[in-house]
file input13.txt (compact mmCIF, C-alpha atoms)
# COMPACT_ATOMS: atom_id res chain seq x y z
CA MET A 247 27.12 209.74 -85.33
CA PRO A 248 29.80 207.22 -86.39
CA PRO A 249 28.72 203.60 -86.84
CA GLN A 250 29.45 201.16 -84.04
CA LEU A 251 32.23 198.78 -84.93
CA PRO A 252 31.80 195.03 -84.50
CA ASP A 253 33.90 193.35 -81.80
CA ASP A 254 36.28 191.62 -84.21
CA VAL A 255 37.16 194.97 -85.79
CA VAL A 256 37.63 196.56 -82.36
CA GLU A 257 40.00 193.73 -81.50
CA GLU A 258 42.01 194.44 -84.64
CA ILE A 259 42.33 198.09 -83.61
CA LEU A 260 43.25 197.40 -79.99
CA ALA A 261 45.80 194.79 -81.02
CA ARG A 262 47.66 197.50 -82.90
CA PHE A 263 48.15 199.81 -79.93
CA PRO A 264 51.77 200.68 -79.20
CA PRO A 265 53.03 197.77 -77.05
CA ASP A 266 55.12 199.96 -74.77
CA GLU A 267 52.14 202.11 -73.73
CA PRO A 268 49.83 199.77 -71.82
CA ALA A 269 47.86 202.75 -70.43
CA HIS A 270 46.09 203.01 -73.80
CA LEU A 271 44.70 199.50 -73.43
CA VAL A 272 43.54 200.15 -69.88
CA ARG A 273 41.68 203.29 -70.94
CA ALA A 274 40.13 201.49 -73.88
CA ALA A 275 38.99 198.67 -71.60
CA LEU A 276 37.16 201.28 -69.54
CA ALA A 277 35.10 202.48 -72.48
CA CYS A 278 32.60 199.66 -72.05
CA LYS A 279 32.39 196.12 -70.75
CA ALA A 280 32.45 194.60 -74.23
CA TRP A 281 35.84 196.17 -74.87
CA HIS A 282 37.05 195.02 -71.50
CA ARG A 283 36.04 191.48 -72.44
CA ILE A 284 37.98 191.80 -75.69
CA VAL A 285 41.28 192.83 -74.09
CA SER A 286 40.91 190.30 -71.27
CA GLY A 287 40.10 187.44 -73.65
CA ALA A 288 42.51 184.55 -74.00
CA GLY A 289 42.76 185.03 -77.76
CA PHE A 290 43.69 188.68 -77.44
CA ARG A 291 46.27 187.95 -74.76
CA ARG A 292 47.83 185.20 -76.83
CA ARG A 293 47.98 187.61 -79.71
CA LEU A 294 49.67 190.31 -77.63
CA HIS A 295 52.17 188.00 -76.06
CA GLY A 296 52.89 186.33 -79.35
CA ARG A 297 54.93 189.41 -80.07
CA ALA A 298 58.20 189.97 -78.31
CA PRO A 299 57.26 191.54 -74.97
CA SER A 300 58.27 195.14 -74.55
CA LEU A 301 60.51 196.17 -71.71
CA LEU A 302 58.65 198.67 -69.54
CA GLY A 303 61.50 199.26 -67.12
CA PHE A 304 63.60 197.53 -64.51
CA PHE A 305 64.31 197.69 -60.81
CA HIS A 306 67.63 197.92 -59.16
CA HIS A 307 68.82 198.45 -55.68
CA HIS A 308 72.05 198.30 -53.84
CA GLY A 309 72.26 196.50 -50.54
CA SER A 310 69.28 197.38 -48.39
CA HIS A 311 68.42 200.64 -50.14
CA PRO A 312 64.89 200.71 -51.53
CA ALA A 313 64.46 199.38 -55.01
CA TYR A 314 64.43 202.07 -57.64
CA PHE A 315 62.41 201.77 -60.82
CA ASN A 316 64.16 202.77 -64.01
CA PRO A 317 61.52 203.27 -66.70
CA THR A 318 62.25 202.50 -70.32
CA SER A 319 58.69 203.37 -71.39
CA PRO A 320 55.95 205.80 -70.32
CA PHE A 321 54.77 203.22 -67.77
CA ARG A 322 55.30 204.18 -64.10
CA PRO A 323 54.36 201.84 -61.27
CA THR A 324 52.38 203.40 -58.45
CA TYR A 325 55.22 202.75 -56.06
CA ALA A 326 58.36 203.65 -57.98
CA ALA A 327 60.41 203.32 -54.83
CA ARG A 328 59.15 202.56 -51.38
CA ALA A 329 61.18 202.87 -48.23
CA GLY A 330 61.73 199.54 -46.57
CA TRP A 331 60.95 197.41 -49.62
CA LEU A 332 63.60 194.97 -50.68
CA ILE A 333 63.03 193.08 -53.90
CA LEU A 334 64.11 189.50 -53.42
CA ASN A 335 63.10 187.92 -56.66
CA GLY A 336 60.97 188.37 -59.74
CA ARG A 337 59.07 186.12 -62.11
CA HIS A 338 56.92 187.11 -65.08
CA GLY A 339 56.63 190.72 -64.03
CA ARG A 340 55.75 190.02 -60.38
CA PHE A 341 58.09 190.54 -57.50
CA LEU A 342 58.69 188.97 -54.14
CA VAL A 343 59.29 191.89 -51.81
CA ARG A 344 60.43 191.89 -48.23
CA LYS A 345 59.12 194.76 -46.16
CA MET A 346 62.01 195.65 -43.91
CA THR A 347 61.46 196.67 -40.35
CA THR A 348 64.35 199.08 -40.53
CA THR A 349 65.13 201.43 -43.35
CA SER A 350 68.67 202.08 -42.24
CA PRO A 351 71.17 200.90 -44.83
CA PHE A 352 73.62 200.16 -42.04
CA THR A 353 71.44 197.64 -40.24
CA PRO A 354 71.65 194.13 -41.65
CA PRO A 355 68.24 192.77 -42.69
CA SER A 356 66.62 190.72 -39.99
CA MET A 357 64.86 187.60 -41.22
CA GLU A 358 62.96 187.30 -37.96
CA ASP A 359 60.82 190.35 -38.65
CA ALA A 360 60.58 190.08 -42.38
CA GLU A 361 57.18 190.36 -44.00
CA LEU A 362 56.83 189.06 -47.51
CA ILE A 363 54.54 190.40 -50.14
CA VAL A 364 53.99 189.64 -53.81
CA TRP A 365 53.83 192.81 -55.82
CA ASP A 366 52.41 193.30 -59.27
CA PRO A 367 53.71 196.73 -60.36
CA PRO A 368 50.77 197.70 -62.63
CA LEU A 369 48.36 197.20 -59.71
CA THR A 370 48.05 199.54 -56.76
CA SER A 371 47.50 196.75 -54.28
CA SER A 372 49.85 193.96 -53.31
CA THR A 373 49.32 190.55 -51.75
CA GLU A 374 50.80 189.57 -48.45
CA CYS A 375 52.35 186.13 -48.35
CA PRO A 376 50.85 183.89 -45.71
CA CYS A 377 54.14 182.37 -44.60
CA ARG A 378 57.13 184.02 -43.05
CA PRO A 379 60.71 183.26 -43.88
CA SER A 380 61.79 183.07 -40.23
CA SER A 381 60.83 179.41 -40.12
CA THR A 382 62.35 178.70 -43.46
CA ARG A 383 65.78 177.93 -44.74
CA PRO A 384 66.53 180.32 -47.59
CA GLY A 385 65.85 178.59 -50.84
CA ALA A 386 64.18 175.62 -49.21
CA ARG A 387 60.49 176.45 -49.63
CA HIS A 388 58.18 177.78 -52.22
CA TRP A 389 55.82 180.60 -51.59
CA SER A 390 52.64 180.37 -53.50
CA ALA A 391 50.81 183.62 -53.88
CA PRO A 392 47.12 183.38 -53.03
CA ARG A 393 44.89 183.74 -56.05
CA ARG A 394 43.83 187.30 -56.26
CA ARG A 395 41.03 189.12 -57.88
CA ARG A 396 41.79 189.54 -61.53
CA ARG A 397 38.62 191.01 -62.87
CA TRP A 398 40.05 194.26 -64.03
CA ARG A 399 43.34 193.18 -65.34
CA ALA A 400 43.52 193.96 -69.00
CA ALA A 401 45.57 191.51 -70.98
CA ALA A 402 47.54 190.22 -68.03
CA THR A 403 49.74 187.21 -68.39
CA THR A 404 50.10 184.73 -65.62
CA SER A 405 47.43 182.67 -63.94
CA THR A 406 49.15 181.78 -60.67
CA VAL A 407 52.54 182.74 -59.37
CA HIS A 408 54.97 180.44 -57.69
CA VAL A 409 57.76 182.52 -56.35
CA VAL A 410 60.83 180.50 -55.65
CA PRO A 411 63.44 182.38 -53.66
CA SER A 412 66.58 181.03 -55.20
CA SER A 413 68.73 183.31 -53.11
CA TRP A 414 68.29 186.07 -50.64
CA CYS A 415 70.83 188.37 -52.15
CA SER A 416 69.41 191.51 -53.67
CA CYS A 417 69.86 191.89 -57.35
CA SER A 418 68.27 193.75 -60.19
CA ARG A 419 65.27 192.16 -61.80
CA THR A 420 63.46 192.90 -64.95
CA THR A 421 59.79 193.43 -65.44
CA ARG A 422 58.41 192.56 -68.81
CA ARG A 423 55.37 193.92 -70.47
CA ARG A 424 52.18 192.56 -69.04
CA GLY A 425 49.81 194.15 -71.52
CA MET B 123 48.55 197.31 -122.66
CA GLU B 124 51.98 197.10 -124.18
CA VAL B 125 52.58 194.78 -127.06
CA ASP B 126 56.01 193.43 -127.97
CA LYS B 127 57.44 194.55 -131.27
CA GLY B 128 56.96 192.19 -134.14
CA LYS B 129 53.79 190.65 -132.83
CA GLY B 130 50.81 190.52 -135.15
CA GLU B 131 47.59 192.42 -134.87
CA ALA B 132 45.66 189.27 -134.02
CA GLU B 133 47.84 188.66 -131.04
CA GLU B 134 47.37 192.22 -129.95
CA THR B 135 43.62 191.76 -130.02
CA ARG B 136 43.94 188.55 -128.05
CA LYS B 137 46.08 190.24 -125.43
CA VAL B 138 43.64 193.10 -125.06
CA ALA B 139 40.88 190.55 -124.57
CA GLU B 140 42.98 188.82 -121.92
CA ALA B 141 43.56 192.13 -120.22
CA ASP B 142 39.80 192.58 -120.07
CA ARG B 143 39.49 189.34 -118.24
CA ASP B 144 42.21 190.39 -115.85
CA THR B 145 39.78 192.45 -113.86
CA VAL B 146 37.01 191.47 -111.52
CA THR B 147 33.78 193.37 -111.08
CA LEU B 148 32.56 193.97 -107.55
CA LYS B 149 29.06 195.08 -106.65
CA SER B 150 28.43 197.15 -103.53
CA SER B 151 25.43 196.75 -101.25
CA ASP B 152 23.69 199.61 -103.08
CA GLY B 153 24.26 198.01 -106.49
CA LYS B 154 27.18 200.09 -107.82
CA LEU B 155 29.81 198.29 -109.87
CA PHE B 156 33.57 198.66 -109.46
CA GLU B 157 36.37 197.07 -111.44
CA VAL B 158 39.64 196.08 -109.89
CA SER B 159 42.62 194.20 -111.25
CA LYS B 160 42.28 190.50 -110.57
CA GLU B 161 45.93 190.22 -109.67
CA ALA B 162 45.80 193.07 -107.12
CA ALA B 163 42.52 191.80 -105.65
CA ALA B 164 43.91 188.30 -105.22
CA ARG B 165 47.11 189.56 -103.71
CA LEU B 166 45.62 192.06 -101.28
CA SER B 167 42.46 190.28 -100.17
CA THR B 168 42.39 186.71 -98.93
CA VAL B 169 38.61 186.57 -99.41
CA LEU B 170 38.73 187.74 -103.04
CA ALA B 171 41.69 185.42 -103.67
CA GLY B 172 39.57 182.52 -102.43
CA MET B 173 36.64 183.56 -104.60
CA ILE B 174 38.83 183.90 -107.69
CA ALA B 175 40.49 180.53 -107.05
CA GLY B 176 37.12 178.92 -106.37
CA GLY B 177 35.58 180.36 -109.51
CA SER B 178 32.82 182.14 -107.61
CA ILE B 179 33.49 185.49 -109.26
CA ASP B 180 30.50 186.76 -111.19
CA ASP B 181 31.34 188.55 -114.46
CA ASN B 182 28.30 190.76 -114.01
CA GLY B 183 29.46 191.90 -110.59
CA THR B 184 30.28 189.86 -107.51
CA ASP B 185 27.86 190.81 -104.78
CA LEU B 186 29.47 192.24 -101.67
CA LYS B 187 26.31 192.94 -99.71
CA GLN B 188 28.15 193.95 -96.56
CA ILE B 189 30.05 196.81 -98.20
CA GLY B 190 28.61 200.16 -99.22
CA SER B 191 29.62 201.94 -102.40
CA GLU B 192 31.79 204.58 -100.72
CA ALA B 193 33.78 201.95 -98.80
CA LEU B 194 34.09 199.73 -101.88
CA GLU B 195 35.29 202.66 -103.93
CA ASN B 196 37.99 203.27 -101.33
CA VAL B 197 38.92 199.58 -101.33
CA VAL B 198 39.31 199.59 -105.12
CA ASP B 199 41.17 202.88 -104.99
CA TYR B 200 43.53 201.41 -102.39
CA CYS B 201 44.14 198.29 -104.50
CA ASN B 202 45.00 200.41 -107.53
CA LYS B 203 47.25 202.76 -105.60
CA HIS B 204 48.92 199.85 -103.84
CA ALA B 205 49.64 198.08 -107.12
CA ASN B 206 51.13 201.29 -108.55
CA SER B 207 53.08 202.45 -105.54
CA ILE B 208 54.77 199.36 -104.21
CA PRO B 209 56.45 197.25 -106.83
CA SER B 210 57.24 193.96 -105.14
CA ALA B 211 58.78 193.15 -101.79
CA ALA B 212 56.39 195.12 -99.62
CA LEU B 213 53.43 193.19 -100.95
CA ILE B 214 54.40 189.85 -99.52
CA SER B 215 52.76 190.59 -96.19
CA SER B 216 49.32 190.22 -97.74
CA SER B 217 49.45 186.46 -97.49
CA ILE B 218 50.92 186.36 -93.99
CA SER B 219 48.59 186.29 -91.05
CA PHE B 220 48.79 189.35 -88.86
CA ASN B 221 49.15 187.14 -85.82
CA THR B 222 52.64 186.24 -86.83
CA ALA B 223 53.65 189.11 -89.10
CA PRO B 224 55.19 192.16 -87.46
CA PHE B 225 53.27 195.37 -88.02
CA LYS B 226 54.85 197.60 -90.63
CA GLU B 227 54.39 201.34 -90.32
CA PRO B 228 52.15 202.80 -93.01
CA GLU B 229 53.90 204.28 -96.00
CA GLU B 230 53.54 207.99 -96.69
CA TRP B 231 50.93 207.48 -99.41
CA GLU B 232 48.98 205.14 -97.16
CA ARG B 233 48.88 207.78 -94.43
CA LYS B 234 47.59 210.33 -96.90
CA PHE B 235 45.09 207.81 -98.19
CA VAL B 236 43.46 207.36 -94.76
CA ASP B 237 43.99 210.96 -93.59
CA ARG B 238 41.69 212.31 -96.28
CA LEU B 239 38.82 210.08 -95.16
CA SER B 240 36.02 211.31 -92.96
CA HIS B 241 35.43 209.63 -89.63
CA ASP B 242 32.51 207.55 -90.92
CA ALA B 243 34.29 206.63 -94.15
CA LEU B 244 37.30 205.42 -92.17
CA PHE B 245 35.11 203.22 -89.97
CA ASP B 246 33.33 201.81 -93.02
CA LEU B 247 36.65 201.12 -94.69
CA VAL B 248 38.08 199.27 -91.69
CA GLU B 249 35.00 197.05 -91.65
CA ALA B 250 35.33 196.41 -95.38
CA ALA B 251 39.03 195.57 -94.99
CA ASN B 252 38.19 193.15 -92.21
CA PHE B 253 35.41 191.54 -94.22
CA LEU B 254 37.59 191.12 -97.30
CA GLY B 255 40.60 189.85 -95.34
CA MET B 256 42.83 192.69 -96.49
CA GLU B 257 45.57 192.54 -93.88
CA ARG B 258 47.55 195.49 -95.08
CA LEU B 259 44.57 197.80 -95.43
CA LEU B 260 43.41 196.64 -92.02
CA ASP B 261 46.84 197.51 -90.63
CA VAL B 262 46.74 200.98 -92.12
CA THR B 263 43.17 201.81 -91.09
CA CYS B 264 43.50 200.32 -87.59
CA HIS B 265 46.75 202.19 -87.12
CA LYS B 266 45.00 205.43 -88.01
CA ILE B 267 42.14 204.71 -85.59
CA SER B 268 44.50 203.71 -82.78
CA GLU B 269 46.29 207.03 -83.33
CA MET B 270 42.94 208.79 -82.96
CA MET B 271 42.56 207.13 -79.55
CA LYS B 272 45.98 208.15 -78.24
CA GLY B 273 45.83 210.17 -75.03
CA LYS B 274 42.04 210.04 -74.94
CA SER B 275 40.11 209.40 -71.74
CA PRO B 276 37.49 206.61 -71.63
CA ASP B 277 34.80 209.31 -71.97
CA GLN B 278 36.37 210.69 -75.14
CA ILE B 279 36.85 207.19 -76.54
CA ARG B 280 33.14 206.50 -76.02
CA GLU B 281 32.31 209.65 -77.91
CA VAL B 282 34.56 208.78 -80.87
CA PHE B 283 33.25 205.24 -81.11
CA ASN B 284 29.63 206.01 -80.29
CA ILE B 285 29.49 203.55 -77.42
CA LYS B 286 27.43 203.58 -74.29
CA ASN B 287 29.04 203.41 -70.88
CA ASP B 288 27.71 200.31 -69.14
CA TYR B 289 29.97 200.50 -66.09
CA THR B 290 28.62 201.72 -62.79
CA LYS B 291 30.30 204.68 -61.13
CA GLU B 292 31.63 202.39 -58.41
CA GLU B 293 33.13 199.95 -60.90
CA LEU B 294 34.92 202.74 -62.73
CA GLU B 295 36.27 204.18 -59.50
CA GLU B 296 37.52 200.78 -58.41
CA ILE B 297 39.44 200.27 -61.63
CA ARG B 298 40.83 203.79 -61.54
CA GLN B 299 42.20 203.18 -58.08
CA GLU B 300 43.57 199.77 -58.92
CA LEU B 301 45.33 200.94 -62.07
CA ALA B 302 46.02 204.52 -61.05
CA TRP B 303 49.17 204.82 -63.19
CA ALA B 304 47.11 204.58 -66.38
CA PHE B 305 45.30 207.84 -65.52
CA TYR B 306 48.10 210.10 -64.36
CA ASP B 307 47.62 212.58 -67.14
CA ASP B 308 43.82 212.73 -66.95
call {"tool": "encode", "arguments": {"input": "input13.txt", "output": "structure tokens"}}
result
Amino acid sequence: MPPQLPDDVVEEILARFPPDEPAHLVRAALACKAWHRIVSGAGFRRRLHGRAPSLLGFFHHHGSHPAYFNPTSPFRPTYAARAGWLILNGRHGRFLVRKMTTTSPFTPPSMEDAELIVWDPPLTSSTECPCRPSSTRPGARHWSAPRRRRRWRAAATTSTVHVVPSSWCSCSRTTRRRG
Amino acid sequence: MEVDKGKGEAEETRKVAEADRDTVTLKSSDGKLFEVSKEAAARLSTVLAGMIAGGSIDDNGTDLKQIGSEALENVVDYCNKHANSIPSAALISSSISFNTAPFKEPEEWERKFVDRLSHDALFDLVEAANFLGMERLLDVTCHKISEMMKGKSPDQIREVFNIKNDYTKEELEEIRQELAWAFYDD
């Protein structure tokens, strides 16, 4: 039976995982709660993000077509492309998405029926925004994502997200490594 | 020890004596003694460098109670091989903290060095490297261990590292659903 390694040595090992394969860290965090605490710790996250973040992939879409994820690493979000999702903006790996009521590329997007969500690609779930853009001038208000459960996020980055829609035009956004 | 031409015998004797003092003696937890070049020890280990600078090196064997003889033998072996294999530039990383220094892939001889070790010996060596503040050896051993973990499921990782699963079934299922992409190839 191999000896159990102390936490500081485990941290040294986990910190040397390939940065563009975050699945390794997630699996390691599931080995036991102590390891989960290590990879979720502030020190470990600072250490990871002290390095240049790796590009995991990027989204692009044209007009009102669904966003398409172009991977540049083994990482694949659960929803690589979802009909009716229009990515409006992105900050620190999270995206402001408008769920369109029509999926036809020939119908102009209707702001009246738009539903906004904040999407974190590594997570299966997404958070619906409490406010709707129909009462809002584009670019005039900030949407603040409600604080969500973060217990299981290994080495994630941001604490709260303030998504500022600078424009409503669709454009490609980049997601950076979140650990 | 090479002696320049034209130097006298007395000087040769003095130089040999100096060379003797150029080593440090380390004592493992089970009392075995190992000699390592002072220069290599100071360059590769921040802890030994501190002890040498602080004069806390014992000529009769500096006690390293946390390190067993097999691990210490590997440490000394690594120091000697490192000193012989890499002449200059590659050694500078020893004084730079890992937090800021980029990780350098292990050299061929370093791979061979850790590949020949048994599972337990590798784990003992990584602990010794961590204890002695040997950044490069820590890099090489941790890299080897992280390679061992590649593509392994949490169950297999627990087996390799001899750790007990303290998650409940429900907790594991919740995480698996939340981060489904990390388990596609399970």
call {"tool": "atom_distance", "arguments": {"input": "input13.txt", "atom1": "CA of Phe315 (chain A)", "atom2": "CA of Glu269 (chain B)"}}
result
28.2 Å
call {"tool": "atom_distance", "arguments": {"input": "input13.txt", "atom1": "CA of Ile363 (chain A)", "atom2": "CA of His307 (chain A)"}}
result
17.3 Å
call {"tool": "closest_atom_pairs", "arguments": {"input": "input13.txt", "of": "chain A", "to": "chain B", "cutoff": "6 Å", "atoms": "only C-alpha atoms", "output": "CSV"}}
result
residue,atom,partner,partner_atom,distance
A:Pro248,CA,B:Asp242,CA,5.3
A:Ile259,CA,B:Cys264,CA,4.7
A:Ala269,CA,B:Ala304,CA,4.5
A:Arg273,CA,B:Pro276,CA,5.4
A:Leu276,CA,B:Pro276,CA,5.7
A:Ala277,CA,B:Pro276,CA,4.8
A:Cys278,CA,B:Asn287,CA,5.3
A:Thr324,CA,B:Trp303,CA,5.9
A:Leu369,CA,B:Leu301,CA,5.4
A:Thr370,CA,B:Glu300,CA,5.0
call {"tool": "atom_distance", "arguments": {"input": "input13.txt", "atom1": "CA of Pro323 (chain A)", "atom2": "CA of Glu227 (chain B)"}}
result
29.1 Å
call {"tool": "closest_residue", "arguments": {"input": "input13.txt", "among": "A:Ile333, A:Leu302, A:Cys375, A:Leu271", "to": "Val285 (chain A)", "atoms": "only C-alpha atoms"}}
result
A:Leu271
call {"tool": "residues_near_point", "arguments": {"input": "input13.txt", "point": "(30.7, 193.9, -109.3)", "cutoff": "9 Å", "atoms": "all atoms listed in the file", "output": "MDAnalysis selection string"}}
result
chainID B and resid 146:150 153:157 179:186
call {"tool": "residues_around", "arguments": {"input": "input13.txt", "residues": "Asn316 (chain A)", "least_positions_apart": "6", "cutoff": "9 Å", "atoms": "all atoms listed in the file", "output": "ChimeraX atom specification"}}
result
/A:302-306,322,326
call {"tool": "residues_around", "arguments": {"input": "input13.txt", "residues": "Trp365 (chain A)", "least_positions_apart": "3", "cutoff": "8 Å", "atoms": "all atoms listed in the file", "output": "JSON, numbers by chain"}}
result
{"A": [340, 341, 342, 343, 371, 372, 373]}
call {"tool": "residues_around", "arguments": {"input": "input13.txt", "residues": "Asn196 (chain B)", "least_positions_apart": "3", "cutoff": "10 Å", "atoms": "all atoms listed in the file", "output": "list in words"}}
result
Ser191, Glu192, Ala193, Asp199, Tyr200, Cys201, Asn202, Phe235, Val236, Leu239, Ala243, Leu244, Asp246, Leu247 and Ala250 of chain B
